[in-house]
Amino acid sequence: MSGPEVREVEHEITVDASAKAVYQLLVEVEDWPAMFPPSVHVERVEQDGEHERIRICATANGAAKSWTSIRRLLPDEGVIRFRQEKSSAPVAGMGGTWIVEPQGDERCRVRLLHDYRAVDDDPAALKWIAEAVDRNSHAELAALKTTAELGPDAAQKPFTFDDSLQIAGTAAEVFAFIDQAQLWQERLPHVARVVLEEETEGLQLLEMDTRSPDGSIHTTKSVRVCQRPAGTIHYKQIKLPALMTLHTGRWSFTENADGVLAVSRHTVAINEAKIAEVLGEGAGLAEARAAVRRALGTNSLSTLNHAKVHVEGRS
């Protein structure tokens, strides 16, 4: 009797940057959500020498998936091997290798290899996995190339900012207000419509219509990772307003002597091609960043202030 069908596939790209710089981008997994379009949240759980365990939440064919992978880093060879420790259906097993091959001081070839199996060798599942691997591999390699070639000092790099509020309550109470986004249409005046899906515990797909101060409506769609009962909530918008090419965020809740400090963090990259269209001729990157900072900060503080009223009103 033959074993389960294992499929193998390879993707590659040439990058005009040093192999060392490109390899380091692949090492720093915490930065993947800002670089790779499919990545929502990635954290390093354990590390022991050249071996590490990472937890990944990412999109695949529009669905939110999470899994844990074991990686082996071999920097002298320009190689990172990975194997999913526990896969997410319909994937029965997946692994692969990143290979960064120098082609001169400021050029390299990056190869991304995958092998995978489907649950029950289901043909439809194999097709779904093949499409997801192909789509994500092309997106990740293109993003890796763009990030590496921009360099560390590029103006187009994302910027990060925080808004915070002290609330007289517990971390669990404030967390619950942010976690229960299905109630935001009734609780938050700037939210006009909410659709929340949660097929996997703590992994949410959130679509939302938000009112701007000028009355216009913006539709966004996000994947959220909710670390219950009182951890952090990480998210990434997968449907963005025109002025942004990236928006990731984190809600965190730290208890102190006066209750809990709730912090909303945003990481944003500006779509420079849309600045004039959205803000008018003459506007530049600084004006776009200020506009985005103002809009997101206003909504974050509104959400936190309503959480404060809700939590403190129950005590």
# chains A, B, ... in the order shown; residues from 1 in each chain; ligands from 1
>>> residues_around(residues="Leu113 in chain A", least_positions_apart="2", cutoff="6 Å", atoms="only C-alpha atoms", output="list in words")
Val9, Glu10, Gly96 and Thr97 of chain A
>>> closest_residue(among="A:Val311, A:Ala118, A:Ala143, A:Ala230", to="Leu246 in chain A", atoms="only C-alpha atoms")
A:Ala143
>>> atom_distance(atom1="CA of Pro33 in chain A", atom2="CA of Arg250 in chain A")
11.8 Å
>>> atom_distance(atom1="CA of Thr170 in chain A", atom2="CA of Arg314 in chain A")
11.5 Å
>>> atom_distance(atom1="CA of Phe175 in chain A", atom2="CA of Leu261 in chain A")
11.0 Å
>>> residues_around(residues="range 196-199 of chain A", least_positions_apart="3", cutoff="9 Å", atoms="only C-alpha atoms", output="PyMOL selection string")
chain A and resi 64+181-182+202-208
>>> residues_around(residues="Glu140 in chain A", least_positions_apart="4", cutoff="7 Å", atoms="only C-alpha atoms", output="list in words")
Phe36, Pro37, Asn136 and Leu144 of chain A
>>> write_last_selection(atoms="N, CA and C atoms", output="short mmCIF file (atom, residue, chain, number, x, y, z; two decimals), in the first residue's frame")
data_model
loop_
_atom_site.label_atom_id
_atom_site.label_comp_id
_atom_site.auth_asym_id
_atom_site.auth_seq_id
_atom_site.Cartn_x
_atom_site.Cartn_y
_atom_site.Cartn_z
N PHE A 36 5.65 40.55 4.84
CA PHE A 36 4.97 39.56 4.03
C PHE A 36 3.45 39.79 4.05
N PRO A 37 2.82 39.99 2.91
CA PRO A 37 1.36 40.20 2.89
C PRO A 37 0.56 39.09 3.59
N ASN A 136 1.01 32.48 -1.88
CA ASN A 136 1.78 33.03 -0.78
C ASN A 136 3.26 33.10 -1.09
N LEU A 144 9.85 40.27 -0.08
CA LEU A 144 11.23 40.17 0.38
C LEU A 144 12.16 40.99 -0.52
#
>>> select_by_dssp(residues="range 65-155 of chain A", states="strand (DSSP E or B)", output="number ranges by chain")
A: 65-74, 79-86, 91-102, 108-118
>>> residues_around(residues="range 21-25 of chain A", least_positions_apart="3", cutoff="9 Å", atoms="only C-alpha atoms", output="count of residues only")
21
>>> closest_residue(among="A:Val191, A:Ala124, A:Leu112, A:Ala269", to="Ala34 in chain A", atoms="only C-alpha atoms")
A:Ala269
>>> closest_residue(among="A:Lys127, A:Arg53, A:Lys20, A:Arg228", to="Glu173 in chain A", atoms="only C-alpha atoms")
A:Arg228
>>> select_by_dssp(residues="range 110-199 of chain A", states="helix (DSSP H, G or I)", output="count of residues only")
47
>>> closest_residue(among="A:Ser66, A:Glu8, A:Leu165, A:Arg83", to="Glu255 in chain A", atoms="only C-alpha atoms")
A:Leu165
>>> closest_residue(among="A:Ala262, A:Glu77, A:Ala125, A:Thr68", to="Ala89 in chain A", atoms="only C-alpha atoms")
A:Ala125
